[in-house]
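Everything on this sheet refers to the single structure shown next.
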Amino acid sequence: MPDNASPSAIEIRDLRKIYAASGNQPPKEALKGINLDIPNGSIFGLLGPNGAGKSTIINILAGLVNKTSGHVKIWGFDQDVNPRQSRAAIGVMPQELNIDPFLPPRASLEVQAGLYGVPARERWTDEILALVGLTAQADSYARNLSGGMKRRLLLAKALVHRPQILVLDEPTAGVDIDLRAMLWDNVRRLNRDGMTIILTTHYLEEAQEMCDEIAIINHGQVIARESTSGLLGRADTKTLVIDTGGPGPVPDLPDGAQGMRRDNGLLAINYRPSALRTDQLIDALRAAGQPLLDVTTEEPDLEDVFVSLTRQDRG
Ligand SMILES: Nc1ncnc2c1ncn2[C@@H]1O[C@H](COP(=O)(O)OP(=O)(O)OP(=O)(O)O)[C@@H](O)[C@H]1O
């Protein structure tokens, strides 16, 4: 296993990608100078709306798409200077189910290990099969596997060469709850053993739960890159939920606060903590003669941050 002296598993500098024009499609500048360091040992989320450039970044990391310019270091190896080593350090679980239907899982892993030049004594085929829960299906034709099992096989294939970095491209799109839980168990275990995980997902609550750090990509640029908790702290929105003893009209509130009655009769007041303090809201409610039988606050989630950041960045 090569040593990586850098604290970053991945270093991306001024990465640009222009897809050439084709047919009547003009050229497309998909990446406009990405700078990104992905810390060694992290579970890192790469988020962004459709077409933001996430797959382009991942495909460049995986060596499947050629960059137009810029530098990429994987596990300390520059892709252009040490292509073989940089490739060996990364395993990618792709979005598409690209599996040979006639190869059983065990054979498929052996073929993959051969492609990566893993010597027989260093293979860990049975361990990987056990890890992803395919031991019982190890010798069944892949075409007989369920969709969920095929996904597990994709994860297994990404692991054969014991990469230091594992990339999961939308791993849970269209996947049922059990498989999702199993995937995340596996990912956490691999991470605990030292593997750096890079994940793209459309499920923001999943990113919130799984990722230590997150970069948000929009229009081919990094528009935020922070710890998940730092990012959550950025959302300048909070909701105060009050039991006023039953339904009733929404009282007058200070500027910057929006109130609504929920179906259960609770009064929900959305406000910006930077503009208004909670006690000012409470004072206003007291002045309006509202009973305050119970008061709770609801914190923002990643979705709030994501929506507000990508909205600001529009255009
Ligand atoms: N092979 C290609 N040729 C031309 N344009 C492309 C090609 N691949 C991607 N693009 C364009 O580059 C931009 C970025 O696409 P990319 O697939 O990287 O986005 P994404 O963030 O992964 O989106 P999604 O979440 O939908 O997968 C988009 O405008 C897309 O249409």
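Residue numbers start at 1 in each chain; chains themselves are named A, B, ... in the order of the structure tokens; ligands are numbered from 1 in the order shown.
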| task | Name the residues in contact with range 89-100 of chain A at a cut-off of 7 Å, using only C-alpha atoms, excluding same-chain residues fewer than 2 positions from it; report them as a list in words. | result |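 In the requested format, the answer is Ala62, Ile74, Trp75, Gln85, Ser86, Arg87, Phe102, Leu103, Ala142, Lys150, Arg151, Leu154, Leu155, Ala158, Leu159, Pro163, Gln164, Ile165, Leu166, Val167, Leu168, Asp169, Glu170 and Pro171 of chain A.
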| request: Within 7 Å of ligand 1, which residues show up when you count only C-alpha atoms and all ligand atoms? List them as a PyMOL selection string, please. | output: chain A and resi 19-20+28-30+48-57+220
| message | Report, in Å with one decimal, the straight-line distance from CA of Asn59 in chain A to CA of Glu127 in chain A. | response |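 Separation between CA of Asn59 in chain A and CA of Glu127 in chain A: 27.4 Å.
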| field | DSSP-assigned alpha helix (DSSP H) members of range 172-303 of chain A, reported as number ranges by chain | value | A: 177-192, 204-210, 228-234, 278-287, 302-303
Restrict the selected residues to C-alpha atoms and save them as a CSV table (one decimal), in the first residue's frame.
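Output file out.csv is given in full below:
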```
chain,number,residue,atom,x,y,z
A,177,ILE,CA,-34.6,0.5,2.8
A,178,ASP,CA,-32.9,-2.8,3.8
A,179,LEU,CA,-30.3,-2.6,1.1
A,180,ARG,CA,-29.7,1.1,1.9
A,181,ALA,CA,-29.1,0.2,5.6
A,182,MET,CA,-26.8,-2.6,4.6
A,183,LEU,CA,-24.8,-0.4,2.2
A,184,TRP,CA,-24.3,2.3,4.9
A,185,ASP,CA,-23.2,-0.4,7.4
A,186,ASN,CA,-20.6,-1.6,4.9
A,187,VAL,CA,-19.5,2.0,4.1
A,188,ARG,CA,-19.1,2.9,7.8
A,189,ARG,CA,-17.2,-0.3,8.5
A,190,LEU,CA,-14.8,0.4,5.6
A,191,ASN,CA,-14.4,4.0,6.7
A,192,ARG,CA,-13.6,2.8,10.3
A,204,LEU,CA,-29.8,15.2,1.5
A,205,GLU,CA,-30.8,13.6,4.8
A,206,GLU,CA,-28.5,10.8,3.9
A,207,ALA,CA,-25.6,13.2,3.3
A,208,GLN,CA,-26.5,14.9,6.6
A,209,GLU,CA,-26.4,11.6,8.4
A,210,MET,CA,-23.4,10.0,6.7
A,228,THR,CA,-21.6,19.1,7.7
A,229,SER,CA,-22.3,20.8,11.0
A,230,GLY,CA,-20.7,24.1,9.7
A,231,LEU,CA,-22.9,24.0,6.7
A,232,LEU,CA,-26.0,23.3,8.8
A,233,GLY,CA,-25.0,26.3,10.9
A,234,ARG,CA,-25.1,28.5,7.8
A,278,THR,CA,-36.4,34.3,20.0
A,279,ASP,CA,-37.3,36.4,23.1
A,280,GLN,CA,-38.5,39.2,20.8
A,281,LEU,CA,-40.9,36.7,19.2
A,282,ILE,CA,-42.1,35.5,22.6
A,283,ASP,CA,-42.6,39.1,23.8
A,284,ALA,CA,-44.7,39.8,20.7
A,285,LEU,CA,-46.8,36.7,21.3
A,286,ARG,CA,-47.4,37.6,25.0
A,287,ALA,CA,-48.3,41.2,24.0
A,302,LEU,CA,-29.2,20.3,4.9
A,303,GLU,CA,-32.1,20.7,2.4
```
| Excluding same-chain residues fewer than 6 positions from Val118 in chain A, what lies within 9 Å of it counting only C-alpha atoms, as a PyMOL selection string? | chain A and resi 112+160-161
| task | Identify which of the residues A:Gly45, A:Pro27, A:Gly174, A:Gly114 lies closest to Asp212 in chain A, counting only C-alpha atoms when measuring atom-to-atom distances. | result |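 Checking each candidate against Asp212 in chain A, we get A:Gly45 as the closest.
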